[in-house]
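The block underneath contains the structure these notes are about, expressed in structure tokens.
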Amino acid sequence: MTDTPREPSYVESRRRPGFVATLYLYASLFLVAAIVLVPLLATALGGLKTLGELRVNPFGLPDVWQWSNYWDILSGARYWQMLGNSLLIASATVVLTVAVASMAAFALAHVRFFGSAFLMNYFLIGLMFPIATAILPLFIRIRDLGLLDTYLGVVLPQVAFGLGMSILLFRNFFRNVPKELFEAALVDGSGYIRFFWFVTLPLSRPILATVAIVAFVNSWNNYIMPLIMLNSADKYPWPLGIMIYQGEFSTQWQLVLAFITLTILPTVIVFFAAQKHIVAGLTAGAVKG
């Protein structure tokens, strides 16, 4: 008696994708990678060309590699000054965003009080409005506070506009912390502050890294806020440094591309160093809403 062949189950068919499905998957990944990498490579290679060659051959390899474009930028004190300003503004934004958002999210996740849902929705409303829509009243408020042309005048608005997403990520992650830990801590005499500091934060490294990287990248690439709030050239971050190579009648695009390549490297390095924590934080924070 011969055994009749068994039909593969749905789970087994999902575990063993066919050649066409695998080819489609890798082709899709290759296309997405090309869309991301081609502009980065074109920017890096554009900084190694002359202005004339850049206009004729914007995407190809340079005929003569102009390493002096990068060296002139790196050897200038202005580049390092703007890089230091960007690092100072971004670091202060990250520290304040993580501190304020984590404490607010912990209260919204574990403390029941009247109006908590309204307060959470109020924070989420901020996700609907970009910075540009509020730039005029924001400028007037910063001027009235005497914070124009100061680092704090740039940091505080960035923190305010980043709180909505940060609180949402923190709150979703904190709500997944087992309630048994919270109940056991209360039985042992631990209050909310001790539980937040000694239990919740050590368990929240993935989401802490996620929020910190998002806040860092947003602050590092922010252009409109320093442009409006800062007047002194010695306080400019790197996005405003591009204006150095823009003249009244012409722009040194090869130096602009070299400058952009050098200044986006820190964010790329930070992202790859914390990539595992970012994915883990976003995944864990997306379980519950």
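Chain identifiers are assigned as A, B, and so on, following the order in which chains appear in the structure tokens; residues are numbered from 1 within each chain, and ligands are numbered from 1 in order of appearance.
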For segment 184-198 of chain A, find every residue with an atom within 12 Å (counting only C-alpha atoms), except residues of its own chain fewer than 2 positions away, and show them as a JSON list (two decimals) with all heavy atoms, in the first residue's frame.
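Heads up, here's the output in result25.json:
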[["chain", "number", "residue", "atom", "x", "y", "z"],
["A", 99, "ALA", "N", 14.60, 63.31, 28.93],
["A", 99, "ALA", "CA", 14.22, 63.50, 30.33],
["A", 99, "ALA", "C", 12.75, 63.87, 30.47],
["A", 99, "ALA", "O", 12.00, 63.24, 31.23],
["A", 99, "ALA", "CB", 15.11, 64.57, 30.96],
["A", 102, "SER", "N", 10.26, 61.03, 28.88],
["A", 102, "SER", "CA", 10.19, 59.78, 29.64],
["A", 102, "SER", "C", 9.38, 59.96, 30.93],
["A", 102, "SER", "O", 8.57, 59.09, 31.27],
["A", 102, "SER", "CB", 11.61, 59.29, 29.97],
["A", 102, "SER", "OG", 12.31, 60.24, 30.76],
["A", 103, "MET", "N", 9.57, 61.07, 31.62],
["A", 103, "MET", "CA", 8.80, 61.30, 32.85],
["A", 103, "MET", "C", 7.32, 61.52, 32.56],
["A", 103, "MET", "O", 6.45, 60.98, 33.26],
["A", 103, "MET", "CB", 9.39, 62.49, 33.61],
["A", 103, "MET", "CG", 10.75, 62.23, 34.21],
["A", 103, "MET", "SD", 11.37, 63.56, 35.27],
["A", 103, "MET", "CE", 11.73, 64.81, 34.03],
["A", 104, "ALA", "N", 7.03, 62.29, 31.51],
["A", 104, "ALA", "CA", 5.62, 62.50, 31.14],
["A", 104, "ALA", "C", 4.97, 61.21, 30.69],
["A", 104, "ALA", "O", 3.82, 60.91, 31.06],
["A", 104, "ALA", "CB", 5.53, 63.56, 30.04],
["A", 105, "ALA", "N", 5.67, 60.41, 29.90],
["A", 105, "ALA", "CA", 5.11, 59.16, 29.42],
["A", 105, "ALA", "C", 4.90, 58.16, 30.55],
["A", 105, "ALA", "O", 3.92, 57.40, 30.55],
["A", 105, "ALA", "CB", 6.03, 58.56, 28.36],
["A", 106, "PHE", "N", 5.80, 58.16, 31.53],
["A", 106, "PHE", "CA", 5.64, 57.26, 32.67],
["A", 106, "PHE", "C", 4.37, 57.61, 33.46],
["A", 106, "PHE", "O", 3.61, 56.72, 33.86],
["A", 106, "PHE", "CB", 6.86, 57.35, 33.59],
["A", 106, "PHE", "CG", 6.77, 56.48, 34.81],
["A", 106, "PHE", "CD1", 7.08, 55.13, 34.74],
["A", 106, "PHE", "CD2", 6.38, 57.01, 36.04],
["A", 106, "PHE", "CE1", 7.00, 54.33, 35.86],
["A", 106, "PHE", "CE2", 6.29, 56.22, 37.16],
["A", 106, "PHE", "CZ", 6.60, 54.87, 37.07],
["A", 107, "ALA", "N", 4.14, 58.89, 33.66],
["A", 107, "ALA", "CA", 2.92, 59.31, 34.37],
["A", 107, "ALA", "C", 1.67, 58.94, 33.58],
["A", 107, "ALA", "O", 0.67, 58.47, 34.13],
["A", 107, "ALA", "CB", 2.96, 60.80, 34.65],
["A", 109, "ALA", "N", 1.36, 56.52, 31.50],
["A", 109, "ALA", "CA", 1.23, 55.06, 31.36],
["A", 109, "ALA", "C", 0.84, 54.38, 32.66],
["A", 109, "ALA", "O", 0.13, 53.36, 32.63],
["A", 109, "ALA", "CB", 2.54, 54.48, 30.84],
["A", 110, "HIS", "N", 1.26, 54.90, 33.82],
["A", 110, "HIS", "CA", 1.09, 54.17, 35.08],
["A", 110, "HIS", "C", 0.26, 54.92, 36.12],
["A", 110, "HIS", "O", -0.16, 54.31, 37.10],
["A", 110, "HIS", "CB", 2.45, 53.84, 35.69],
["A", 110, "HIS", "CG", 3.24, 52.85, 34.89],
["A", 110, "HIS", "ND1", 2.87, 51.53, 34.75],
["A", 110, "HIS", "CD2", 4.38, 53.00, 34.17],
["A", 110, "HIS", "CE1", 3.75, 50.91, 33.99],
["A", 110, "HIS", "NE2", 4.67, 51.77, 33.62],
["A", 111, "VAL", "N", 0.05, 56.20, 35.93],
["A", 111, "VAL", "CA", -0.68, 56.98, 36.92],
["A", 111, "VAL", "C", -2.04, 57.36, 36.34],
["A", 111, "VAL", "O", -2.11, 57.97, 35.26],
["A", 111, "VAL", "CB", 0.09, 58.25, 37.33],
["A", 111, "VAL", "CG1", -0.69, 59.02, 38.39],
["A", 111, "VAL", "CG2", 1.48, 57.89, 37.84],
["A", 174, "PHE", "N", 6.39, 51.78, 27.97],
["A", 174, "PHE", "CA", 6.18, 51.66, 29.42],
["A", 174, "PHE", "C", 4.94, 50.84, 29.75],
["A", 174, "PHE", "O", 4.90, 50.16, 30.77],
["A", 174, "PHE", "CB", 6.07, 53.05, 30.05],
["A", 174, "PHE", "CG", 7.35, 53.84, 30.03],
["A", 174, "PHE", "CD1", 7.35, 55.21, 30.24],
["A", 174, "PHE", "CD2", 8.56, 53.21, 29.82],
["A", 174, "PHE", "CE1", 8.51, 55.94, 30.23],
["A", 174, "PHE", "CE2", 9.74, 53.92, 29.80],
["A", 174, "PHE", "CZ", 9.72, 55.29, 30.01],
["A", 177, "VAL", "N", 5.64, 47.15, 30.22],
["A", 177, "VAL", "CA", 6.36, 46.66, 31.40],
["A", 177, "VAL", "C", 5.40, 45.85, 32.26],
["A", 177, "VAL", "O", 4.28, 46.31, 32.54],
["A", 177, "VAL", "CB", 6.94, 47.84, 32.20],
["A", 177, "VAL", "CG1", 7.61, 47.36, 33.48],
["A", 177, "VAL", "CG2", 7.93, 48.62, 31.34],
["A", 178, "PRO", "N", 5.77, 44.65, 32.68],
["A", 178, "PRO", "CA", 4.83, 43.81, 33.45],
["A", 178, "PRO", "C", 4.30, 44.51, 34.70],
["A", 178, "PRO", "O", 5.06, 45.13, 35.45],
["A", 178, "PRO", "CB", 5.69, 42.60, 33.82],
["A", 178, "PRO", "CG", 6.75, 42.54, 32.77],
["A", 178, "PRO", "CD", 7.04, 43.98, 32.40],
["A", 179, "LYS", "N", 3.01, 44.43, 34.88],
["A", 179, "LYS", "CA", 2.39, 45.06, 36.04],
["A", 179, "LYS", "C", 2.83, 44.40, 37.34],
["A", 179, "LYS", "O", 2.78, 45.02, 38.40],
["A", 179, "LYS", "CB", 0.87, 45.01, 35.92],
["A", 179, "LYS", "CG", 0.32, 45.83, 34.77],
["A", 179, "LYS", "CD", -1.20, 45.78, 34.75],
["A", 179, "LYS", "CE", -1.76, 46.63, 33.61],
["A", 179, "LYS", "NZ", -3.25, 46.60, 33.58],
["A", 180, "GLU", "N", 3.25, 43.13, 37.26],
["A", 180, "GLU", "CA", 3.69, 42.44, 38.47],
["A", 180, "GLU", "C", 4.91, 43.13, 39.08],
["A", 180, "GLU", "O", 5.05, 43.18, 40.31],
["A", 180, "GLU", "CB", 4.03, 40.98, 38.16],
["A", 180, "GLU", "CG", 2.83, 40.11, 37.82],
["A", 180, "GLU", "CD", 2.32, 40.34, 36.41],
["A", 180, "GLU", "OE1", 3.01, 41.08, 35.65],
["A", 180, "GLU", "OE2", 1.25, 39.80, 36.06],
["A", 181, "LEU", "N", 5.80, 43.66, 38.22],
["A", 181, "LEU", "CA", 6.96, 44.38, 38.75],
["A", 181, "LEU", "C", 6.52, 45.63, 39.49],
["A", 181, "LEU", "O", 7.05, 45.95, 40.56],
["A", 181, "LEU", "CB", 7.89, 44.76, 37.59],
["A", 181, "LEU", "CG", 8.63, 43.63, 36.88],
["A", 181, "LEU", "CD1", 9.44, 44.18, 35.72],
["A", 181, "LEU", "CD2", 9.53, 42.89, 37.86],
["A", 182, "PHE", "N", 5.57, 46.34, 38.94],
["A", 182, "PHE", "CA", 5.08, 47.55, 39.58],
["A", 182, "PHE", "C", 4.39, 47.24, 40.91],
["A", 182, "PHE", "O", 4.63, 47.93, 41.91],
["A", 182, "PHE", "CB", 4.13, 48.27, 38.63],
["A", 182, "PHE", "CG", 3.66, 49.60, 39.15],
["A", 182, "PHE", "CD1", 4.54, 50.64, 39.32],
["A", 182, "PHE", "CD2", 2.32, 49.80, 39.46],
["A", 182, "PHE", "CE1", 4.10, 51.87, 39.80],
["A", 182, "PHE", "CE2", 1.87, 51.01, 39.93],
["A", 182, "PHE", "CZ", 2.77, 52.05, 40.10],
["A", 200, "THR", "N", 12.08, 50.97, 35.67],
["A", 200, "THR", "CA", 11.62, 51.25, 34.32],
["A", 200, "THR", "C", 12.76, 51.66, 33.40],
["A", 200, "THR", "O", 12.88, 51.13, 32.28],
["A", 200, "THR", "CB", 10.55, 52.36, 34.35],
["A", 200, "THR", "OG1", 9.49, 51.96, 35.23],
["A", 200, "THR", "CG2", 10.00, 52.61, 32.97],
["A", 201, "LEU", "N", 13.58, 52.59, 33.81],
["A", 201, "LEU", "CA", 14.66, 53.07, 32.95],
["A", 201, "LEU", "C", 15.66, 51.98, 32.58],
["A", 201, "LEU", "O", 16.06, 51.88, 31.41],
["A", 201, "LEU", "CB", 15.36, 54.26, 33.59],
["A", 201, "LEU", "CG", 14.59, 55.58, 33.59],
["A", 201, "LEU", "CD1", 15.46, 56.71, 34.14],
["A", 201, "LEU", "CD2", 14.11, 55.95, 32.19],
["A", 202, "PRO", "N", 16.12, 51.13, 33.53],
["A", 202, "PRO", "CA", 17.04, 50.06, 33.12],
["A", 202, "PRO", "C", 16.43, 49.08, 32.10],
["A", 202, "PRO", "O", 17.17, 48.50, 31.30],
["A", 202, "PRO", "CB", 17.36, 49.35, 34.44],
["A", 202, "PRO", "CG", 17.16, 50.39, 35.48],
["A", 202, "PRO", "CD", 16.01, 51.21, 35.01],
["A", 203, "LEU", "N", 15.11, 48.92, 32.13],
["A", 203, "LEU", "CA", 14.46, 48.03, 31.17],
["A", 203, "LEU", "C", 14.14, 48.73, 29.86],
["A", 203, "LEU", "O", 13.68, 48.06, 28.92],
["A", 203, "LEU", "CB", 13.15, 47.49, 31.77],
["A", 203, "LEU", "CG", 13.28, 46.58, 33.00],
["A", 203, "LEU", "CD1", 11.90, 46.24, 33.54],
["A", 203, "LEU", "CD2", 14.06, 45.32, 32.66],
["A", 204, "SER", "N", 14.39, 50.03, 29.78],
["A", 204, "SER", "CA", 13.95, 50.81, 28.62],
["A", 204, "SER", "C", 15.11, 51.28, 27.76],
["A", 204, "SER", "O", 14.98, 52.29, 27.05],
["A", 204, "SER", "CB", 13.15, 52.03, 29.11],
["A", 204, "SER", "OG", 12.08, 51.64, 29.93]]
Open item on the list: Among segment 156-210 of chain A, which residues does DSSP mark as alpha helix (DSSP H) when it is run on the backbone? Keep the chain and numbering as in the structure and answer as a VMD selection string.
Closed with: chain A and resid 156 to 174 179 to 187 192 to 195 201 to 203 205 to 210
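Counting only C-alpha atoms, the residue from A:Thr263, A:Gln252, A:Asn85, A:Thr93 that sits nearest to Gly46 of chain A is A:Gln252.
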- [ ] Tell me which of A:Arg175, A:Gly241, A:Val38, A:Ile125 sits closest to Asn221 of chain A, counting only C-alpha atoms.
- [x] A:Gly241
TODO: Point out the residue among A:Pro237, A:Gly84, A:Ala21, A:Val56 with the least atom-to-atom distance to Ile224 of chain A, counting only C-alpha atoms.
DONE: A:Pro237
- [ ] Just the residues within 12 Å of Leu88 of chain A, please, counting only C-alpha atoms, with nothing from its chain fewer than 2 positions along; format it as a ChimeraX atom specification.
- [x] /A:81-86,90-95,150-152,154-155,216,219-220,235-238
Long-range neighbours of Ile131 of chain A as a PDB file with C-alpha atoms, in the first residue's frame, 9 Å cut-off, only C-alpha atoms, 3 positions minimum in chain:
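Wrote result18.pdb, looks like this:
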ATOM      1  CA  ALA A 134       4.341  78.210  14.068  1.00  0.00           C
ATOM      2  CA  ILE A 135       7.567  80.007  13.265  1.00  0.00           C
ATOM      3  CA  LEU A 138       7.454  81.075  18.164  1.00  0.00           C
ATOM      4  CA  PRO A 157      11.505  74.812  20.440  1.00  0.00           C
ATOM      5  CA  GLN A 158      13.132  71.634  19.125  1.00  0.00           C
ATOM      6  CA  PHE A 161       8.119  69.909  18.805  1.00  0.00           C
ATOM      7  CA  ILE A 224      14.828  76.687   9.748  1.00  0.00           C
ATOM      8  CA  MET A 225      15.057  76.997  13.541  1.00  0.00           C
TER       9      MET A 225
END
